[in-house]
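Next comes work09.cif, a file with mmCIF, C-alpha atoms.
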data_coords
#
loop_
_atom_site.group_PDB
_atom_site.id
_atom_site.type_symbol
_atom_site.label_atom_id
_atom_site.label_comp_id
_atom_site.auth_asym_id
_atom_site.auth_seq_id
_atom_site.Cartn_x
_atom_site.Cartn_y
_atom_site.Cartn_z
ATOM 1 C CA MET S 1 -58.370 88.901 10.662
ATOM 2 C CA SER S 2 -61.683 90.683 11.243
ATOM 3 C CA MET S 3 -62.205 93.200 14.046
ATOM 4 C CA LYS S 4 -64.884 90.937 15.548
ATOM 5 C CA LEU S 5 -62.435 88.021 15.718
ATOM 6 C CA LYS S 6 -59.680 90.239 17.155
ATOM 7 C CA ALA S 7 -62.071 91.530 19.816
ATOM 8 C CA GLY S 8 -63.144 87.988 20.657
ATOM 9 C CA LEU S 9 -59.554 86.801 20.985
ATOM 10 C CA ALA S 10 -58.667 89.781 23.154
ATOM 11 C CA ALA S 11 -61.672 89.105 25.382
ATOM 12 C CA GLY S 12 -60.641 85.466 25.653
ATOM 13 C CA LEU S 13 -57.136 86.400 26.723
ATOM 14 C CA ILE S 14 -58.434 88.848 29.315
ATOM 15 C CA VAL S 15 -60.825 86.256 30.725
ATOM 16 C CA ALA S 16 -58.071 83.636 30.744
ATOM 17 C CA ALA S 17 -55.833 85.924 32.750
ATOM 18 C CA ALA S 18 -58.664 86.844 35.106
ATOM 19 C CA SER S 19 -59.705 83.228 35.592
ATOM 20 C CA VAL S 20 -56.282 82.062 36.766
ATOM 21 C CA PRO S 21 -56.792 80.544 40.195
ATOM 22 C CA THR S 22 -55.391 82.453 43.130
ATOM 23 C CA GLN S 23 -53.734 79.249 44.340
ATOM 24 C CA ALA S 24 -49.981 79.115 44.160
ATOM 25 C CA GLN S 25 -48.487 77.624 41.036
ATOM 26 C CA ASP S 26 -46.259 74.573 41.475
ATOM 27 C CA TRP S 27 -44.056 75.565 38.568
ATOM 28 C CA ILE S 28 -43.188 78.377 36.219
ATOM 29 C CA ILE S 29 -40.951 77.403 33.318
ATOM 30 C CA THR S 30 -39.668 78.514 29.939
ATOM 31 C CA SER S 31 -39.642 75.744 27.360
ATOM 32 C CA LYS S 32 -40.117 74.798 23.719
ATOM 33 C CA VAL S 33 -43.337 73.182 22.526
ATOM 34 C CA THR S 34 -42.736 69.751 20.975
ATOM 35 C CA PHE S 35 -46.332 68.607 20.363
ATOM 36 C CA VAL S 36 -49.825 70.129 20.142
ATOM 37 C CA GLU S 37 -53.021 68.030 20.123
ATOM 38 C CA ALA S 38 -56.192 69.509 18.575
ATOM 39 C CA THR S 39 -58.641 66.642 19.141
ATOM 40 C CA TYR S 40 -60.303 68.057 22.261
ATOM 41 C CA VAL S 41 -60.367 71.756 21.293
ATOM 42 C CA PRO S 42 -62.153 73.943 22.348
ATOM 43 C CA ALA S 43 -62.584 72.346 25.799
ATOM 44 C CA THR S 44 -59.007 71.175 26.331
ATOM 45 C CA ILE S 45 -55.677 71.566 24.565
ATOM 46 C CA LEU S 46 -52.980 68.975 25.143
ATOM 47 C CA PHE S 47 -49.347 69.819 24.497
ATOM 48 C CA LYS S 48 -45.837 68.651 25.335
ATOM 49 C CA LEU S 49 -42.752 70.598 26.359
ATOM 50 C CA ASP S 50 -39.041 69.806 26.090
ATOM 51 C CA THR S 51 -38.435 70.708 29.759
ATOM 52 C CA ASP S 52 -39.587 69.151 33.023
ATOM 53 C CA ALA S 53 -42.535 71.065 34.464
ATOM 54 C CA GLY S 54 -42.508 70.383 38.182
ATOM 55 C CA THR S 55 -43.239 66.679 38.629
ATOM 56 C CA CYS S 56 -44.361 66.423 34.986
ATOM 57 C CA PRO S 57 -41.359 65.094 33.026
ATOM 58 C CA ALA S 58 -40.314 66.607 29.704
ATOM 59 C CA GLY S 59 -42.466 65.079 26.976
ATOM 60 C CA SER S 60 -45.467 64.400 29.216
ATOM 61 C CA LEU S 61 -48.879 65.745 28.268
ATOM 62 C CA ILE S 62 -49.709 69.159 29.702
ATOM 63 C CA PHE S 63 -53.403 70.055 29.832
ATOM 64 C CA TRP S 64 -54.873 73.494 29.121
ATOM 65 C CA ASN S 65 -58.558 73.778 30.033
ATOM 66 C CA ALA S 66 -60.270 76.692 28.319
ATOM 67 C CA GLY S 67 -61.664 79.263 30.717
ATOM 68 C CA GLY S 68 -64.368 81.847 30.551
ATOM 69 C CA ALA S 69 -67.855 82.703 31.720
ATOM 70 C CA SER S 70 -69.581 81.786 28.445
ATOM 71 C CA GLU S 71 -69.130 79.271 25.652
ATOM 72 C CA ALA S 72 -68.117 82.043 23.247
ATOM 73 C CA ILE S 73 -65.389 83.243 25.605
ATOM 74 C CA ARG S 74 -64.128 79.677 26.208
ATOM 75 C CA ILE S 75 -63.931 79.114 22.441
ATOM 76 C CA ALA S 76 -62.036 82.403 21.938
ATOM 77 C CA ASN S 77 -59.713 81.459 24.809
ATOM 78 C CA ALA S 78 -59.008 78.053 23.287
ATOM 79 C CA GLN S 79 -58.385 79.579 19.848
ATOM 80 C CA ALA S 80 -55.912 82.082 21.292
ATOM 81 C CA VAL S 81 -53.971 79.496 23.316
ATOM 82 C CA PHE S 82 -53.998 76.952 20.479
ATOM 83 C CA SER S 83 -52.712 79.613 18.074
ATOM 84 C CA LEU S 84 -49.978 80.607 20.510
ATOM 85 C CA LEU S 85 -48.848 76.973 20.964
ATOM 86 C CA VAL S 86 -48.851 76.225 17.224
ATOM 87 C CA THR S 87 -46.914 79.436 16.554
ATOM 88 C CA ALA S 88 -44.332 78.494 19.172
ATOM 89 C CA LYS S 89 -44.044 74.950 17.794
ATOM 90 C CA SER S 90 -43.710 76.031 14.164
ATOM 91 C CA THR S 91 -41.242 78.863 14.802
ATOM 92 C CA GLY S 92 -39.190 77.319 17.603
ATOM 93 C CA GLN S 93 -39.979 80.196 19.968
ATOM 94 C CA THR S 94 -40.129 79.450 23.668
ATOM 95 C CA VAL S 95 -43.212 79.683 25.839
ATOM 96 C CA GLY S 96 -43.594 80.594 29.473
ATOM 97 C CA VAL S 97 -45.913 78.197 31.255
ATOM 98 C CA TYR S 98 -47.332 78.344 34.778
ATOM 99 C CA GLY S 99 -48.948 75.225 36.148
ATOM 100 C CA VAL S 100 -49.708 72.726 38.868
ATOM 101 C CA ASN S 101 -48.306 69.239 39.367
ATOM 102 C CA SER S 102 -51.675 67.594 39.991
ATOM 103 C CA GLY S 103 -52.739 66.442 36.541
ATOM 104 C CA CYS S 104 -49.990 68.456 34.789
ATOM 105 C CA VAL S 105 -52.373 71.362 34.222
ATOM 106 C CA ALA S 106 -51.214 74.696 32.794
ATOM 107 C CA SER S 107 -52.996 77.855 33.898
ATOM 108 C CA VAL S 108 -50.986 80.525 32.029
ATOM 109 C CA VAL S 109 -49.177 80.242 28.686
ATOM 110 C CA THR S 110 -47.186 83.104 27.178
ATOM 111 C CA LEU S 111 -45.110 83.421 24.018
ATOM 112 C CA ARG S 112 -41.558 84.557 24.796
#

Rendering of file as structure tokens:
Amino acid sequence: MSMKLKAGLAAGLIVAAASVPTQAQDWIITSKVTFVEATYVPATILFKLDTDAGTCPAGSLIFWNAGGASEAIRIANAQAVFSLLVTAKSTGQTVGVYGVNSGCVASVVTLR
């Protein structure tokens, strides 16, 4: 992985963390990823978890909307989150997910 790509991914993660809304999260869970959808990347990543996430039942689509002040940062953010979700799915590792019930939208995703 080139230094430029690493720097871009790091910037995307920093912006993602900084762009988390100050509103309270409806749920914070630890779960396994059962599905990852790439069709709408880099704008949106859809994924499924094996645990209920608030009012979003296990197996329902969870939406991740890429954040960032520029298109380049949003793309880096989407690449980082997509990579994290695919890694978790392929290795069976759990993820920590923060989100809101309205629309089943995730705002923070971490690899555990």

Checklist outcome for this item: Arg112 of chain S proximity check over S:Ala43, S:Val33, S:Ala78, S:Ile62, using only C-alpha atoms: winner is S:Val33

Selection under test: the PyMOL selection byres ((chain S and resi 95-100) around 6); residues as a short mmCIF file (atom, residue, chain, number, x, y, z; two decimals) with C-alpha atoms, keeping the file's coordinate frame:
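Output below, filename out.cif:
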data_model
loop_
_atom_site.label_atom_id
_atom_site.label_comp_id
_atom_site.auth_asym_id
_atom_site.auth_seq_id
_atom_site.Cartn_x
_atom_site.Cartn_y
_atom_site.Cartn_z
CA GLN S 25 -48.49 77.62 41.04
CA ASP S 26 -46.26 74.57 41.48
CA TRP S 27 -44.06 75.56 38.57
CA ILE S 28 -43.19 78.38 36.22
CA ILE S 29 -40.95 77.40 33.32
CA THR S 30 -39.67 78.51 29.94
CA SER S 31 -39.64 75.74 27.36
CA THR S 94 -40.13 79.45 23.67
CA ASN S 101 -48.31 69.24 39.37
CA SER S 102 -51.68 67.59 39.99
CA CYS S 104 -49.99 68.46 34.79
CA VAL S 105 -52.37 71.36 34.22
CA ALA S 106 -51.21 74.70 32.79
CA SER S 107 -53.00 77.86 33.90
CA VAL S 108 -50.99 80.53 32.03
CA VAL S 109 -49.18 80.24 28.69
CA THR S 110 -47.19 83.10 27.18
CA LEU S 111 -45.11 83.42 24.02
CA ARG S 112 -41.56 84.56 24.80
#

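Closest approach to Leu49 of chain S among S:Leu61, S:Ser70, S:Ile75, S:Glu37 is made by S:Leu61 (distances from only C-alpha atoms).
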
Next on the checklist: Could you tell me, as a ChimeraX atom specification, exactly which residues end up selected when the PyMOL selection byres ((chain S and resi 48) around 9) is applied to this structure?
Outcome noted: /S:32-37,46-47,49-51,58-63

Checklist entry - Looking at all atoms listed in the file, which of S:Gln79, S:Thr87, S:Gly67, S:Gly54 is the one that sits closest to Ala38 of chain S? => result S:Gln79

Item to check | Among listed residues S:Ala76, S:Ile45, S:Ala88, S:Val81, nearest Trp64 of chain S (using only C-alpha atoms) | outcome: S:Ile45

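Our summary of the geometry notes that atom CA of Thr44 of chain S is positioned 9.6 Å from atom CA of Phe82 of chain S.
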
Item to check | Option closest in space to Ala66 of chain S, from S:Leu85, S:Ala24, S:Ala53, S:Ala80 [counting all atoms listed in the file] | outcome: S:Ala80

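Nearest residue to Val41 of chain S, choosing from S:Gln93, S:Asn65, S:Cys56, S:Glu71 and counting only C-alpha atoms: S:Asn65.
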
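Picture a line from atom CA of Arg74 of chain S to atom CA of Thr39 of chain S; it runs 15.8 Å.
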
Set up a box along x, y and z of the file covering all listed atoms of segment 46-57 of chain S, add 8 Å on every one of the six sides, and write the centre and edge lengths in Å to one decimal, as AutoDock Vina command-line options.
--center_x -45.7 --center_y 68.1 --center_z 31.6 --size_x 30.5 --size_y 22.0 --size_z 30.1
